[in-house]
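Peer 1: There's a structure below that I have some questions on.
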Amino acid sequence: MDVKKLMSDLEAKHPGEKEYLQAVHEVLESVSEIYDQHPEFAKAKIIERMVEPDRVFTFRVTWVDDKGEVQTNLGYRVQFNGAIGPYKGGLRFHKAVNVSMLKFLGFEQTFKNALTTLPMGGGKGGSDFDPVGKSDAEIMRFCQAFMLELWRIVGKDTDVPAGDVGVGGREIGYMYGMYTKLAREYNVGVLTGKGMTWGGSKIRPEATGFGALYFVQHMLEKAGKDIKGKKLALSGFGNVAWGAALKTLELGGKVVAISGPDGVCEMPDGITPEMIDYMLEMRASNRNKVEDMATKFPGKAKFTAGKKAWSVKCDIALPCAFQNECNGDDAKELLKNGCWAVAEVSNMGCTPEAIKAFQDAKILFAPGKAVNAGGVATSGLEMTQNAMHISWTEEEVDKNLHQIMHSIHEACVKFGTKKDGYINYVDGANIAGFMKVAQAMLEQGTI
Ligand code: GLU
């Protein structure tokens, strides 16, 4: 595979789509060798087809704010790859959302979903709507306006959206309400991350964080280590960081930092259950400030403006917020402070420079598409329950989630172990996901 040529062709076709090109480049680097061992892939032009989304929808979303002013945002749904099942992936509401970001996320989602062992294709959507500072009524009106367009695109067997950054249970509720009104289909399978009284799955809210910690446990176990008593630094304070903090505590680890766009909160004695509960209120307030934690718990959390979680001394770092939130300099600082394991819980949380620094130092590093796959996997379990018209118990869902994370870890080890014994989890996840999607595309012919 000529990675250079493929990348320069893509750059010419999609100039300026930075995140998308970064995500594609990483996968091409990982799969290049195995691709060349399968001439049937090249013959069917699998890679040229796989890097382009099946289709992209763009639409205008117009709504009225609390002052009575008319606002217009852009809405998107990227149906990236449907080879192994209906498109599946979250909706992101964030001011920086654009086609490049959603294409990168849809591309990553395709491989992530393949890793879950469940039959789900890759998709992603969202809007440049900025939830920061918006009232609950504004959030509702925006979600309803967004669904006015989205409802024609989605469906339980075609495309099943869920939450992502800026979209949680509340937003899914407002969108679902509008969907049933428009479609007159009281079909619970069209969105996942639903409320418990209308088709949601137990453990789905916690699943991304819980799954990540299960993955970390396996990774540590393989390296002969244990999480008990270890210090963890987390970025963000949203749904993902919340679930990760809950499970960390349960497993005997200590969360010593969480962060936000405004700075970092250091908690030398570790986060407490009350503080973890408060994270939910912080997210629901739409203030987007981690400083609120230090204001609420003055003796226990110390806020420093403008600093990242990566400035706090830790054993294990978990990026839980946004893409490229940990860069080469952050990686150097983490390594200098003795950090020996990094697991991306956000999608593409580390820059290529940061990943290189971790891998050169031979510390444990695992990528988002493996670590955070528990979220979408539990969405898949929600779809299964919806299709069967039943609800599983917490124990049943958690057991399934645990098994899936175990099998993802196994797949990474199988495809990522190098000659010297070092496990390159990036290669492992990319190759395992790629092989499954490539095989499906090959068997379905040239379409
Ligand atoms: N947004 C999550 C992810 O990045 C979950 C998607 C889903 O549940 O469909 O995987």
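Going by the structure tokens order, chains are called A, B, ..., each with residues numbered from 1, while ligands are numbered from 1 in the order shown.
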If you count only C-alpha atoms, which residues fall within 8 Å of stretch 45-57 of chain A, apart from same-chain ones fewer than 3 positions away, as a PyMOL selection string?
Peer 2: chain A and resi 6+24+41-42+76-82+103+106-107+438+441-442
Peer 1: Could you list, as a VMD selection string, all residues that come within 9 Å of ligand 1? Count only C-alpha atoms and all ligand atoms.
Peer 2: chain A and resid 87 to 92 105 to 106 108 to 109 112 to 113 122 to 124 160 to 165 167 191 to 193 204 208 346 to 347 368 to 369 372 to 380
Peer 1: For those residues, write C-alpha atoms to a file as an mmCIF file, in the first residue's frame.
Peer 2:
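Everything below was put into again_23.cif:
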data_model
loop_
_atom_site.group_PDB
_atom_site.id
_atom_site.type_symbol
_atom_site.label_atom_id
_atom_site.label_comp_id
_atom_site.auth_asym_id
_atom_site.auth_seq_id
_atom_site.Cartn_x
_atom_site.Cartn_y
_atom_site.Cartn_z
ATOM 1 C CA TYR A 87 -25.104 2.895 10.662
ATOM 2 C CA LYS A 88 -24.496 3.460 14.348
ATOM 3 C CA GLY A 89 -22.821 6.308 16.174
ATOM 4 C CA GLY A 90 -23.437 9.377 18.244
ATOM 5 C CA LEU A 91 -24.513 12.968 17.661
ATOM 6 C CA ARG A 92 -22.139 15.718 18.756
ATOM 7 C CA LEU A 105 -15.549 10.342 13.997
ATOM 8 C CA GLY A 106 -17.597 8.289 11.513
ATOM 9 C CA GLU A 108 -13.218 5.773 13.656
ATOM 10 C CA GLN A 109 -16.685 4.549 14.566
ATOM 11 C CA LYS A 112 -14.728 0.641 16.737
ATOM 12 C CA ASN A 113 -18.115 -0.872 16.010
ATOM 13 C CA GLY A 122 -20.260 3.319 11.400
ATOM 14 C CA GLY A 123 -21.974 6.702 11.435
ATOM 15 C CA LYS A 124 -21.775 10.038 13.199
ATOM 16 C CA VAL A 160 -29.353 4.558 14.891
ATOM 17 C CA PRO A 161 -27.870 7.698 16.496
ATOM 18 C CA ALA A 162 -26.989 8.133 20.182
ATOM 19 C CA GLY A 163 -25.200 10.702 22.342
ATOM 20 C CA ASP A 164 -21.703 12.117 22.140
ATOM 21 C CA VAL A 165 -20.113 15.374 23.350
ATOM 22 C CA VAL A 167 -25.669 15.133 23.774
ATOM 23 C CA LEU A 191 -32.096 6.080 19.066
ATOM 24 C CA THR A 192 -30.006 4.638 21.899
ATOM 25 C CA GLY A 193 -29.102 6.137 25.244
ATOM 26 C CA ARG A 204 -25.855 2.617 29.124
ATOM 27 C CA THR A 208 -18.302 4.230 28.120
ATOM 28 C CA SER A 346 -12.192 10.252 24.159
ATOM 29 C CA ASN A 347 -12.066 9.629 20.412
ATOM 30 C CA GLY A 368 -10.033 5.365 21.843
ATOM 31 C CA LYS A 369 -11.582 3.035 19.320
ATOM 32 C CA ASN A 372 -14.234 3.614 24.611
ATOM 33 C CA ALA A 373 -16.068 0.972 22.555
ATOM 34 C CA GLY A 374 -18.104 -0.028 25.630
ATOM 35 C CA GLY A 375 -20.427 2.929 25.021
ATOM 36 C CA VAL A 376 -21.494 1.932 21.549
ATOM 37 C CA ALA A 377 -21.380 -1.758 22.486
ATOM 38 C CA THR A 378 -23.980 -1.129 25.182
ATOM 39 C CA SER A 379 -25.978 0.851 22.619
ATOM 40 C CA GLY A 380 -25.876 -2.346 20.558
#
Peer 1: Using only C-alpha atoms, tabulate the residues of stretch 42-127 of chain A lying at most 9 Å from any atom of stretch 390-409 of chain A, each with its closest atom pair and that distance in Å to one decimal, by chain and increasing residue number, as CSV.
Peer 2:
residue,atom,partner,partner_atom,distance
A:Leu115,CA,A:Ile408,CA,5.9
A:Thr116,CA,A:Ile404,CA,6.1
A:Thr117,CA,A:Ile404,CA,7.2
Peer 1: Would you give me, as a ChimeraX atom specification, the residues in stretch 52-220 of chain A that DSSP reads as strand (DSSP E)?
Peer 2: /A:55-64,70-81,87-93,121-127,159-162
Peer 1: Take the residues from that selection and write them out as a compact mmCIF listing (two decimals), in the first residue's frame, keeping N, CA and C atoms.
Peer 2:
# COMPACT_ATOMS: atom_id res chain seq x y z
N ARG A 55 -22.34 8.16 2.48
CA ARG A 55 -23.03 9.42 2.14
C ARG A 55 -22.98 10.38 3.33
N VAL A 56 -23.13 11.68 2.99
CA VAL A 56 -23.12 12.73 4.02
C VAL A 56 -24.36 13.61 3.84
N PHE A 57 -25.14 13.78 4.87
CA PHE A 57 -26.30 14.67 4.83
C PHE A 57 -25.95 15.98 5.55
N THR A 58 -26.28 17.09 4.95
CA THR A 58 -26.10 18.40 5.60
C THR A 58 -27.44 19.12 5.56
N PHE A 59 -27.81 19.73 6.66
CA PHE A 59 -29.09 20.44 6.66
C PHE A 59 -29.05 21.66 7.58
N ARG A 60 -30.01 22.56 7.34
CA ARG A 60 -30.13 23.78 8.15
C ARG A 60 -31.07 23.49 9.31
N VAL A 61 -30.69 24.01 10.49
CA VAL A 61 -31.56 23.84 11.67
C VAL A 61 -31.89 25.23 12.21
N THR A 62 -33.13 25.63 12.10
CA THR A 62 -33.53 26.96 12.57
C THR A 62 -34.45 26.83 13.78
N TRP A 63 -34.15 27.63 14.80
CA TRP A 63 -34.90 27.56 16.06
C TRP A 63 -34.95 28.94 16.67
N VAL A 64 -35.77 29.10 17.72
CA VAL A 64 -35.95 30.42 18.35
C VAL A 64 -35.40 30.38 19.77
N VAL A 70 -34.37 34.52 16.18
CA VAL A 70 -34.25 33.34 15.32
C VAL A 70 -32.77 32.97 15.18
N GLN A 71 -32.46 31.70 15.38
CA GLN A 71 -31.07 31.22 15.27
C GLN A 71 -31.00 30.13 14.21
N THR A 72 -29.89 30.12 13.48
CA THR A 72 -29.70 29.05 12.50
C THR A 72 -28.37 28.34 12.73
N ASN A 73 -28.42 27.02 12.80
CA ASN A 73 -27.20 26.20 12.89
C ASN A 73 -27.15 25.22 11.73
N LEU A 74 -26.00 24.54 11.64
CA LEU A 74 -25.88 23.50 10.61
C LEU A 74 -26.02 22.13 11.27
N GLY A 75 -26.70 21.23 10.61
CA GLY A 75 -26.84 19.86 11.12
C GLY A 75 -26.25 18.89 10.11
N TYR A 76 -25.76 17.76 10.61
CA TYR A 76 -25.12 16.77 9.74
C TYR A 76 -25.44 15.35 10.19
N ARG A 77 -25.42 14.43 9.24
CA ARG A 77 -25.32 13.00 9.56
C ARG A 77 -24.41 12.37 8.51
N VAL A 78 -23.36 11.76 8.99
CA VAL A 78 -22.42 11.08 8.10
C VAL A 78 -22.66 9.58 8.23
N GLN A 79 -23.14 8.95 7.15
CA GLN A 79 -23.31 7.49 7.15
C GLN A 79 -22.04 6.93 6.53
N PHE A 80 -21.12 6.51 7.39
CA PHE A 80 -19.77 6.24 6.88
C PHE A 80 -19.63 4.89 6.21
N ASN A 81 -19.99 3.84 6.92
CA ASN A 81 -19.80 2.52 6.33
C ASN A 81 -20.87 1.56 6.87
N TYR A 87 -26.01 1.85 10.17
CA TYR A 87 -25.10 2.89 10.66
C TYR A 87 -25.40 3.13 12.13
N LYS A 88 -24.33 3.28 12.91
CA LYS A 88 -24.50 3.46 14.35
C LYS A 88 -23.42 4.39 14.85
N GLY A 89 -23.81 5.38 15.62
CA GLY A 89 -22.82 6.31 16.17
C GLY A 89 -23.52 7.54 16.69
N GLY A 90 -22.82 8.29 17.51
CA GLY A 90 -23.44 9.38 18.24
C GLY A 90 -23.68 10.65 17.45
N LEU A 91 -24.31 11.61 18.17
CA LEU A 91 -24.51 12.97 17.66
C LEU A 91 -23.72 13.89 18.57
N ARG A 92 -22.95 14.78 17.97
CA ARG A 92 -22.14 15.72 18.76
C ARG A 92 -22.65 17.14 18.56
N PHE A 93 -22.98 17.80 19.67
CA PHE A 93 -23.34 19.22 19.61
C PHE A 93 -22.19 20.02 20.22
N GLY A 121 -22.71 -0.87 11.61
CA GLY A 121 -21.87 -0.06 10.74
C GLY A 121 -21.51 1.24 11.45
N GLY A 122 -20.74 2.09 10.76
CA GLY A 122 -20.26 3.32 11.40
C GLY A 122 -20.95 4.57 10.89
N GLY A 123 -21.38 5.42 11.81
CA GLY A 123 -21.97 6.70 11.44
C GLY A 123 -21.71 7.73 12.51
N LYS A 124 -21.93 8.97 12.19
CA LYS A 124 -21.78 10.04 13.20
C LYS A 124 -22.53 11.26 12.70
N GLY A 125 -22.98 12.09 13.63
CA GLY A 125 -23.68 13.30 13.20
C GLY A 125 -23.56 14.37 14.25
N GLY A 126 -24.30 15.45 14.04
CA GLY A 126 -24.26 16.50 15.04
C GLY A 126 -24.53 17.86 14.47
N SER A 127 -24.10 18.85 15.24
CA SER A 127 -24.37 20.23 14.84
C SER A 127 -23.35 21.16 15.47
N ASP A 159 -30.17 3.49 10.46
CA ASP A 159 -29.20 4.38 11.09
C ASP A 159 -29.71 4.72 12.48
N VAL A 160 -28.92 4.40 13.50
CA VAL A 160 -29.35 4.56 14.89
C VAL A 160 -28.40 5.49 15.66
N PRO A 161 -28.73 6.78 15.76
CA PRO A 161 -27.87 7.70 16.50
C PRO A 161 -27.97 7.52 18.02
N ALA A 162 -27.03 8.15 18.72
CA ALA A 162 -26.99 8.13 20.18
C ALA A 162 -26.33 9.44 20.61
Peer 1: When distances are computed from only C-alpha atoms, which of A:Ala233, A:Val97, A:Val256, A:Ala245 shows the smallest separation from A:Cys339?
Peer 2: A:Ala233
Peer 1: Hey, which of A:Gln323, A:Lys202, A:Lys134, A:Gly173 ends up closest to A:Gln385? Count only C-alpha atoms.
Peer 2: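 Closest to A:Gln385 of all the choices is A:Lys202.
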Peer 1: Out of stretch 59-150 of chain A, which residues get helix (DSSP H, G or I) from DSSP, as number ranges by chain?
Peer 2: A: 99-115, 136-150
